[in-house]
Amino acid sequence: MSSCVRRISPDGNPAGMMSDTVYVINGPNLNLLGTREPEKYGRATLADVEALCREAARRHGLAVDFHQSNREGEIVEWIHEAGQRKAAGIVLNAAAYTHTSVAILDAITAVGVPTIEVHITNIHAREEFRHHSYVSKAAKAVLCGFGIDGYGLAIDGLAAMTKARRS
Ligand code: CA2
C-alpha cells in the first residue's frame with residue numbers, strides 16, 4: 001500500500017509547491033522616486049510603481065509582496081524569505097547595490113527563485129561604474145531603460161516564464 005503525505009509549511013504553502021506571489025524588491029534611494037532628479041528617474045513615485053506592479057500581477061493571477069530598503073542586509077533577508085515561501089519570482093531593482101553587492105548575488109543564487117533584474121534607466125548609457133552588475137550574473141533576465149514600465153514588463157515576463165511551473 002502506498003501513502004502520500006502533503007506537508008504544509010508555516011505560511012500555509014504546501015511544501016514543494018510554488019506560490020502565486022512575486023516579490024518586488026527595491027534598493028537604496030528608490031524611496032525618493034518622483035521627488036528628486038525627475039529628468040533622470042521620472043515623476044512617478046514608488047507608490048505609483050507599487051500600483052503598477054499590483055495591476056500587472058493581477059492580470060496574471062499573481063500577488064505582489066512589495067519592498068524597499070536602504071539597507072543591504074534587509075534586501076538579502078527578503079530574498080531569503082522569497083525562497084522560503086517558494087515565491088513565483090523576484091523583480092529586483094537593487095539600485096546602487098547592483099554594482100557592488102556580492103551578498104545580494106549570493107542570496108539570489110542560493111534561493112533559486114527566478115529573478116528579473118530591473119533598472120529604470122539604461123545603466124549602459126550612464127557612467128562606466130554602472131555598466132557592471134553583480135545581479136546580472138544570477139538573473140534570468142535584465143530590463144533597463146524602460147522607465148518604471150520595466151517593472152510591469154518584468155512581471156509579464158515572469159508570468160510567461162513560470163506559467164508551466166505553476167499549473
Ligand atoms: O536606473 C535604475 O533603476 C538604477 O537602479 C537606479 C539607482 C542607480 O544607482 C542604478 O545605477 C540604476 C539609483 C536609485 C536612486 O533613486 C533615486 C530616485 C529619485 C531621486 C534620486 C535617486
# chains A, B, ... in the order shown; residues from 1 in each chain; ligands from 1
$ residues_around --residues "Ser133 in chain A" --least-positions-apart "4" --cutoff "12 Å" --atoms "only C-alpha atoms" --output "ChimeraX atom specification"
/A:93-102,104-105,117-119,123-124,128-129,137-139,142,144
$ residues_around --residues "Val49 in chain A" --least-positions-apart "5" --cutoff "8 Å" --atoms "only C-alpha atoms" --output "number ranges by chain"
A: 44, 148, 151
$ closest_residue --among "A:Ile79, A:Asn122, A:Gly89, A:Pro28" --to "Tyr41 in chain A" --atoms "only C-alpha atoms"
A:Asn122
$ select_by_dssp --residues "range 67-136 of chain A" --states "helix (DSSP H, G or I)" --output "MDAnalysis selection string"
chainID A and resid 72:84 95:99 102:111 123:125 128:130 135:136
$ write_last_selection --atoms "N, CA, C and O atoms" --output "tab-separated table (two decimals), in the first residue's frame"
chain	number	residue	atom	x	y	z
A	72	GLU	N	21.39	46.89	2.80
A	72	GLU	CA	21.74	45.68	2.02
A	72	GLU	C	21.23	44.40	2.69
A	72	GLU	O	20.64	43.53	2.02
A	73	GLY	N	21.43	44.30	4.02
A	73	GLY	CA	21.06	43.07	4.73
A	73	GLY	C	19.56	42.81	4.67
A	73	GLY	O	19.13	41.64	4.61
A	74	GLU	N	18.79	43.87	4.71
A	74	GLU	CA	17.34	43.70	4.66
A	74	GLU	C	16.92	43.15	3.28
A	74	GLU	O	16.03	42.30	3.18
A	75	ILE	N	17.60	43.61	2.25
A	75	ILE	CA	17.31	43.11	0.89
A	75	ILE	C	17.67	41.62	0.81
A	75	ILE	O	16.90	40.80	0.28
A	76	VAL	N	18.81	41.26	1.37
A	76	VAL	CA	19.23	39.85	1.41
A	76	VAL	C	18.16	39.01	2.12
A	76	VAL	O	17.77	37.94	1.65
A	77	GLU	N	17.63	39.54	3.24
A	77	GLU	CA	16.62	38.77	4.01
A	77	GLU	C	15.32	38.61	3.24
A	77	GLU	O	14.67	37.57	3.32
A	78	TRP	N	14.91	39.62	2.47
A	78	TRP	CA	13.68	39.46	1.66
A	78	TRP	C	13.89	38.42	0.56
A	78	TRP	O	12.96	37.69	0.21
A	79	ILE	N	15.11	38.37	0.02
A	79	ILE	CA	15.40	37.34	-0.99
A	79	ILE	C	15.30	35.95	-0.34
A	79	ILE	O	14.70	35.03	-0.91
A	80	HIS	N	15.84	35.81	0.88
A	80	HIS	CA	15.71	34.53	1.60
A	80	HIS	C	14.24	34.18	1.82
A	80	HIS	O	13.82	33.03	1.64
A	81	GLU	N	13.47	35.19	2.25
A	81	GLU	CA	12.03	34.98	2.51
A	81	GLU	C	11.32	34.51	1.25
A	81	GLU	O	10.50	33.59	1.28
A	82	ALA	N	11.67	35.14	0.11
A	82	ALA	CA	11.07	34.72	-1.18
A	82	ALA	C	11.38	33.25	-1.44
A	82	ALA	O	10.55	32.50	-1.94
A	83	GLY	N	12.58	32.83	-1.08
A	83	GLY	CA	12.97	31.43	-1.25
A	83	GLY	C	12.18	30.52	-0.32
A	83	GLY	O	11.65	29.49	-0.76
A	84	GLN	N	12.09	30.91	0.96
A	84	GLN	CA	11.36	30.07	1.94
A	84	GLN	C	9.90	29.93	1.55
A	84	GLN	O	9.30	28.88	1.72
A	95	ALA	N	19.23	48.91	-7.23
A	95	ALA	CA	19.79	50.27	-7.28
A	95	ALA	C	21.32	50.20	-7.20
A	95	ALA	O	21.92	49.37	-7.86
A	96	ALA	N	21.94	51.03	-6.36
A	96	ALA	CA	23.41	51.09	-6.35
A	96	ALA	C	24.05	49.77	-5.93
A	96	ALA	O	25.18	49.46	-6.34
A	97	TYR	N	23.32	48.95	-5.12
A	97	TYR	CA	23.89	47.66	-4.71
A	97	TYR	C	24.07	46.71	-5.90
A	97	TYR	O	24.83	45.75	-5.81
A	98	THR	N	23.37	46.98	-7.00
A	98	THR	CA	23.56	46.21	-8.24
A	98	THR	C	25.04	46.10	-8.58
A	98	THR	O	25.53	45.05	-9.01
A	99	HIS	N	25.75	47.23	-8.40
A	99	HIS	CA	27.12	47.36	-8.89
A	99	HIS	C	28.17	46.97	-7.84
A	99	HIS	O	29.36	47.00	-8.13
A	102	VAL	N	28.07	41.50	-3.65
A	102	VAL	CA	28.24	40.06	-3.78
A	102	VAL	C	27.23	39.35	-2.86
A	102	VAL	O	26.76	38.26	-3.17
A	103	ALA	N	26.87	39.99	-1.76
A	103	ALA	CA	25.91	39.39	-0.81
A	103	ALA	C	24.55	39.19	-1.49
A	103	ALA	O	23.90	38.15	-1.32
A	104	ILE	N	24.12	40.17	-2.27
A	104	ILE	CA	22.83	40.04	-2.97
A	104	ILE	C	22.94	38.98	-4.07
A	104	ILE	O	22.05	38.15	-4.24
A	105	LEU	N	24.04	38.98	-4.80
A	105	LEU	CA	24.27	37.94	-5.82
A	105	LEU	C	24.21	36.55	-5.17
A	105	LEU	O	23.52	35.65	-5.68
A	106	ASP	N	24.90	36.37	-4.05
A	106	ASP	CA	24.92	35.06	-3.38
A	106	ASP	C	23.52	34.66	-2.92
A	106	ASP	O	23.16	33.47	-3.00
A	107	ALA	N	22.74	35.62	-2.44
A	107	ALA	CA	21.38	35.32	-1.97
A	107	ALA	C	20.51	34.84	-3.13
A	107	ALA	O	19.79	33.84	-3.00
A	108	ILE	N	20.58	35.51	-4.26
A	108	ILE	CA	19.76	35.12	-5.43
A	108	ILE	C	20.17	33.71	-5.87
A	108	ILE	O	19.32	32.86	-6.16
A	109	THR	N	21.46	33.47	-5.92
A	109	THR	CA	21.97	32.16	-6.34
A	109	THR	C	21.50	31.08	-5.36
A	109	THR	O	21.08	29.99	-5.77
A	110	ALA	N	21.55	31.39	-4.06
A	110	ALA	CA	21.22	30.40	-3.03
A	110	ALA	C	19.76	29.99	-3.08
A	110	ALA	O	19.44	28.81	-2.95
A	111	VAL	N	18.84	30.96	-3.27
A	111	VAL	CA	17.42	30.61	-3.15
A	111	VAL	C	16.85	29.99	-4.42
A	111	VAL	O	15.85	29.28	-4.37
A	123	ILE	N	21.38	51.61	-17.72
A	123	ILE	CA	22.65	51.70	-16.98
A	123	ILE	C	23.87	51.68	-17.91
A	123	ILE	O	24.93	52.16	-17.54
A	124	HIS	N	23.70	51.15	-19.13
A	124	HIS	CA	24.83	51.05	-20.06
A	124	HIS	C	25.10	52.36	-20.78
A	124	HIS	O	26.15	52.53	-21.41
A	125	ALA	N	24.15	53.28	-20.69
A	125	ALA	CA	24.35	54.60	-21.31
A	125	ALA	C	24.79	55.61	-20.25
A	125	ALA	O	24.87	56.81	-20.53
A	128	GLU	N	30.57	54.59	-16.40
A	128	GLU	CA	31.22	53.28	-16.53
A	128	GLU	C	30.94	52.36	-15.32
A	128	GLU	O	30.68	51.16	-15.49
A	129	PHE	N	30.97	52.92	-14.11
A	129	PHE	CA	30.82	52.06	-12.93
A	129	PHE	C	29.43	51.43	-12.84
A	129	PHE	O	29.23	50.47	-12.09
A	130	ARG	N	28.47	51.95	-13.62
A	130	ARG	CA	27.12	51.35	-13.60
A	130	ARG	C	26.98	50.24	-14.65
A	130	ARG	O	25.95	49.58	-14.73
A	135	VAL	N	24.17	41.47	-9.96
A	135	VAL	CA	22.84	40.84	-10.01
A	135	VAL	C	22.67	40.07	-11.33
A	135	VAL	O	22.11	38.98	-11.36
A	136	SER	N	23.18	40.66	-12.43
A	136	SER	CA	23.01	40.03	-13.76
A	136	SER	C	23.56	38.62	-13.82
A	136	SER	O	23.10	37.80	-14.62
$ select_by_dssp --residues "range 18-154 of chain A" --states "strand (DSSP E or B)" --output "list in words"
Thr21, Val22, Tyr23, Val24, Ile25, Asn26, Ala63, Val64, Asp65, Phe66, His67, Gln68, Gly89, Ile90, Val91, Leu92, Asn93, Thr115, Ile116, Glu117, Val118, His119, Ala141, Val142, Leu143 and Cys144 of chain A
$ write_last_selection --atoms "N, CA, C and O atoms" --output "compact mmCIF listing (two decimals), in the first residue's frame"
# COMPACT_ATOMS: atom_id res chain seq x y z
N THR A 21 2.97 34.33 -5.45
CA THR A 21 3.45 35.67 -5.06
C THR A 21 4.76 36.02 -5.74
O THR A 21 5.69 35.22 -5.79
N VAL A 22 4.80 37.26 -6.25
CA VAL A 22 6.03 37.81 -6.81
C VAL A 22 6.56 38.84 -5.81
O VAL A 22 5.81 39.73 -5.37
N TYR A 23 7.81 38.69 -5.42
CA TYR A 23 8.45 39.69 -4.57
C TYR A 23 9.01 40.79 -5.48
O TYR A 23 9.74 40.49 -6.42
N VAL A 24 8.65 42.04 -5.19
CA VAL A 24 9.25 43.18 -5.89
C VAL A 24 10.10 43.90 -4.86
O VAL A 24 9.59 44.38 -3.84
N ILE A 25 11.40 43.92 -5.10
CA ILE A 25 12.35 44.43 -4.09
C ILE A 25 13.14 45.60 -4.69
O ILE A 25 13.73 45.49 -5.77
N ASN A 26 13.10 46.71 -3.97
CA ASN A 26 13.77 47.94 -4.42
C ASN A 26 14.87 48.34 -3.45
O ASN A 26 14.68 48.30 -2.23
N ALA A 63 0.02 37.63 -7.02
CA ALA A 63 0.00 38.64 -5.95
C ALA A 63 1.40 39.24 -5.83
O ALA A 63 2.37 38.66 -6.32
N VAL A 64 1.47 40.40 -5.17
CA VAL A 64 2.77 41.10 -5.06
C VAL A 64 3.10 41.35 -3.59
O VAL A 64 2.25 41.76 -2.81
N ASP A 65 4.34 41.08 -3.24
CA ASP A 65 4.90 41.48 -1.95
C ASP A 65 5.91 42.57 -2.29
O ASP A 65 6.94 42.27 -2.91
N PHE A 66 5.62 43.81 -1.95
CA PHE A 66 6.41 44.96 -2.43
C PHE A 66 7.28 45.52 -1.31
O PHE A 66 6.79 45.78 -0.21
N HIS A 67 8.57 45.73 -1.58
CA HIS A 67 9.51 46.18 -0.54
C HIS A 67 10.50 47.21 -1.08
O HIS A 67 10.86 47.18 -2.26
N GLN A 68 10.95 48.07 -0.18
CA GLN A 68 12.08 48.97 -0.49
C GLN A 68 12.92 49.10 0.77
O GLN A 68 12.40 49.22 1.88
N GLY A 89 8.50 34.39 -8.24
CA GLY A 89 9.63 35.10 -8.82
C GLY A 89 9.98 36.32 -7.99
O GLY A 89 9.28 36.69 -7.05
N ILE A 90 11.09 36.93 -8.38
CA ILE A 90 11.54 38.18 -7.76
C ILE A 90 11.80 39.18 -8.87
O ILE A 90 12.43 38.84 -9.88
N VAL A 91 11.26 40.39 -8.69
CA VAL A 91 11.64 41.51 -9.56
C VAL A 91 12.52 42.40 -8.70
O VAL A 91 12.08 42.87 -7.64
N LEU A 92 13.75 42.57 -9.12
CA LEU A 92 14.74 43.24 -8.26
C LEU A 92 15.37 44.44 -8.94
O LEU A 92 16.03 44.30 -9.97
N ASN A 93 15.15 45.61 -8.34
CA ASN A 93 15.95 46.79 -8.68
C ASN A 93 16.81 47.06 -7.46
O ASN A 93 16.38 47.71 -6.50
N THR A 115 14.71 35.35 -10.94
CA THR A 115 14.83 36.77 -10.60
C THR A 115 15.03 37.59 -11.88
O THR A 115 15.86 37.27 -12.72
N ILE A 116 14.21 38.64 -12.00
CA ILE A 116 14.34 39.57 -13.12
C ILE A 116 14.94 40.87 -12.59
O ILE A 116 14.39 41.48 -11.68
N GLU A 117 16.06 41.25 -13.17
CA GLU A 117 16.72 42.50 -12.78
C GLU A 117 16.10 43.65 -13.56
O GLU A 117 15.96 43.56 -14.78
N VAL A 118 15.74 44.70 -12.85
CA VAL A 118 15.12 45.86 -13.49
C VAL A 118 15.88 47.13 -13.12
O VAL A 118 16.29 47.29 -11.97
N HIS A 119 16.05 48.01 -14.10
CA HIS A 119 16.54 49.36 -13.83
C HIS A 119 15.68 50.35 -14.60
O HIS A 119 15.34 50.09 -15.77
N ALA A 141 16.71 37.34 -16.43
CA ALA A 141 16.62 38.35 -17.49
C ALA A 141 16.87 39.72 -16.89
O ALA A 141 16.77 39.90 -15.67
N VAL A 142 17.20 40.64 -17.77
CA VAL A 142 17.54 42.00 -17.33
C VAL A 142 16.78 43.00 -18.19
O VAL A 142 16.77 42.88 -19.42
N LEU A 143 16.13 43.97 -17.54
CA LEU A 143 15.42 45.02 -18.27
C LEU A 143 15.94 46.36 -17.78
O LEU A 143 15.93 46.63 -16.57
N CYS A 144 16.36 47.22 -18.70
CA CYS A 144 16.76 48.55 -18.25
C CYS A 144 16.43 49.57 -19.32
O CYS A 144 16.44 49.26 -20.51
$ residues_around --residues "Ala88 in chain A" --least-positions-apart "2" --cutoff "7 Å" --atoms "only C-alpha atoms" --output "ChimeraX atom specification"
/A:18-22,86,162
$ closest_residue --among "A:Ala159, A:Ala87, A:Leu52, A:Leu30" --to "ligand 1" --atoms "only C-alpha atoms and all ligand atoms"
A:Leu30
$ closest_residue --among "A:Arg59, A:Gly145, A:Pro114, A:Ile120" --to "Leu46 in chain A" --atoms "only C-alpha atoms"
A:Ile120
$ atom_distance --atom1 "atom 21 (C, counted along the ligand's line) of ligand 1" --atom2 "CA of Lys40 in chain A"
8.3 Å
$ closest_residue --among "A:His131, A:Arg54, A:Arg85, A:His60" --to "ligand 1" --atoms "only C-alpha atoms and all ligand atoms"
A:His131
$ atom_distance --atom1 "CA of Arg36 in chain A" --atom2 "atom 21 (C, counted along the ligand's line) of ligand 1"
5.0 Å
$ closest_residue --among "A:Gly150, A:Lys140, A:Leu62, A:Gly157" --to "ligand 1" --atoms "only C-alpha atoms and all ligand atoms"
A:Gly150
$ atom_distance --atom1 "CA of Arg58 in chain A" --atom2 "CA of Gly112 in chain A"
23.7 Å
$ decode --residues "range 142-154 of chain A" --atoms "all heavy atoms" --output "mmCIF file, in the first residue's frame"
data_model
loop_
_atom_site.group_PDB
_atom_site.id
_atom_site.type_symbol
_atom_site.label_atom_id
_atom_site.label_comp_id
_atom_site.auth_asym_id
_atom_site.auth_seq_id
_atom_site.Cartn_x
_atom_site.Cartn_y
_atom_site.Cartn_z
ATOM 1 N N VAL A 142 17.198 40.641 -17.772
ATOM 2 C CA VAL A 142 17.535 42.003 -17.333
ATOM 3 C C VAL A 142 16.778 42.998 -18.195
ATOM 4 O O VAL A 142 16.770 42.879 -19.424
ATOM 5 C CB VAL A 142 19.054 42.266 -17.487
ATOM 6 C CG1 VAL A 142 19.420 43.650 -16.982
ATOM 7 C CG2 VAL A 142 19.877 41.193 -16.790
ATOM 8 N N LEU A 143 16.132 43.969 -17.543
ATOM 9 C CA LEU A 143 15.418 45.024 -18.272
ATOM 10 C C LEU A 143 15.941 46.364 -17.782
ATOM 11 O O LEU A 143 15.928 46.628 -16.574
ATOM 12 C CB LEU A 143 13.919 44.966 -17.964
ATOM 13 C CG LEU A 143 13.110 43.865 -18.641
ATOM 14 C CD1 LEU A 143 11.793 43.671 -17.918
ATOM 15 C CD2 LEU A 143 12.849 44.243 -20.091
ATOM 16 N N CYS A 144 16.359 47.218 -18.697
ATOM 17 C CA CYS A 144 16.760 48.549 -18.246
ATOM 18 C C CYS A 144 16.433 49.572 -19.317
ATOM 19 O O CYS A 144 16.436 49.265 -20.510
ATOM 20 C CB CYS A 144 18.236 48.592 -17.854
ATOM 21 S SG CYS A 144 19.415 48.516 -19.196
ATOM 22 N N GLY A 145 16.068 50.777 -18.860
ATOM 23 C CA GLY A 145 15.822 51.878 -19.776
ATOM 24 C C GLY A 145 14.377 52.076 -20.172
ATOM 25 O O GLY A 145 14.067 52.970 -20.956
ATOM 26 N N PHE A 146 13.466 51.270 -19.626
ATOM 27 C CA PHE A 146 12.036 51.414 -19.945
ATOM 28 C C PHE A 146 11.311 52.326 -18.953
ATOM 29 O O PHE A 146 10.081 52.370 -18.957
ATOM 30 C CB PHE A 146 11.343 50.049 -19.932
ATOM 31 C CG PHE A 146 11.648 49.184 -21.127
ATOM 32 C CD1 PHE A 146 12.491 48.093 -20.998
ATOM 33 C CD2 PHE A 146 11.094 49.451 -22.372
ATOM 34 C CE1 PHE A 146 12.775 47.275 -22.094
ATOM 35 C CE2 PHE A 146 11.370 48.633 -23.466
ATOM 36 C CZ PHE A 146 12.204 47.552 -23.325
ATOM 37 N N GLY A 147 12.060 53.019 -18.102
ATOM 38 C CA GLY A 147 11.397 53.769 -17.042
ATOM 39 C C GLY A 147 10.714 52.800 -16.093
ATOM 40 O O GLY A 147 11.082 51.617 -16.028
ATOM 41 N N ILE A 148 9.677 53.280 -15.403
ATOM 42 C CA ILE A 148 9.035 52.371 -14.434
ATOM 43 C C ILE A 148 8.214 51.275 -15.134
ATOM 44 O O ILE A 148 7.844 50.285 -14.515
ATOM 45 C CB ILE A 148 8.172 53.123 -13.385
ATOM 46 C CG1 ILE A 148 6.954 53.767 -14.034
ATOM 47 C CG2 ILE A 148 9.010 54.116 -12.592
ATOM 48 C CD1 ILE A 148 5.890 54.159 -13.012
ATOM 49 N N ASP A 149 7.940 51.436 -16.430
ATOM 50 C CA ASP A 149 7.230 50.366 -17.166
ATOM 51 C C ASP A 149 8.004 49.051 -17.113
ATOM 52 O O ASP A 149 7.426 47.971 -17.274
ATOM 53 C CB ASP A 149 7.005 50.756 -18.632
ATOM 54 C CG ASP A 149 5.976 51.857 -18.781
ATOM 55 O OD1 ASP A 149 5.203 52.088 -17.817
ATOM 56 O OD2 ASP A 149 5.954 52.516 -19.840
ATOM 57 N N GLY A 150 9.316 49.134 -16.914
ATOM 58 C CA GLY A 150 10.141 47.930 -16.834
ATOM 59 C C GLY A 150 9.657 46.962 -15.760
ATOM 60 O O GLY A 150 9.783 45.744 -15.911
ATOM 61 N N TYR A 151 9.090 47.498 -14.675
ATOM 62 C CA TYR A 151 8.597 46.624 -13.601
ATOM 63 C C TYR A 151 7.422 45.772 -14.111
ATOM 64 O O TYR A 151 7.342 44.579 -13.834
ATOM 65 C CB TYR A 151 8.119 47.446 -12.400
ATOM 66 C CG TYR A 151 9.229 48.075 -11.565
ATOM 67 C CD1 TYR A 151 9.843 49.255 -11.955
ATOM 68 C CD2 TYR A 151 9.623 47.503 -10.367
ATOM 69 C CE1 TYR A 151 10.833 49.843 -11.184
ATOM 70 C CE2 TYR A 151 10.607 48.081 -9.578
ATOM 71 C CZ TYR A 151 11.207 49.253 -9.999
ATOM 72 O OH TYR A 151 12.196 49.832 -9.231
ATOM 73 N N GLY A 152 6.506 46.408 -14.830
ATOM 74 C CA GLY A 152 5.350 45.679 -15.369
ATOM 75 C C GLY A 152 5.802 44.650 -16.395
ATOM 76 O O GLY A 152 5.300 43.508 -16.411
ATOM 77 N N LEU A 153 6.765 45.054 -17.235
ATOM 78 C CA LEU A 153 7.282 44.122 -18.249
ATOM 79 C C LEU A 153 7.963 42.923 -17.590
ATOM 80 O O LEU A 153 7.863 41.785 -18.073
ATOM 81 C CB LEU A 153 8.264 44.848 -19.178
ATOM 82 C CG LEU A 153 7.654 45.982 -20.020
ATOM 83 C CD1 LEU A 153 8.745 46.811 -20.713
ATOM 84 C CD2 LEU A 153 6.681 45.414 -21.049
ATOM 85 N N ALA A 154 8.634 43.185 -16.479
ATOM 86 C CA ALA A 154 9.314 42.099 -15.756
ATOM 87 C C ALA A 154 8.283 41.110 -15.207
ATOM 88 O O ALA A 154 8.493 39.891 -15.259
ATOM 89 C CB ALA A 154 10.161 42.676 -14.619
#
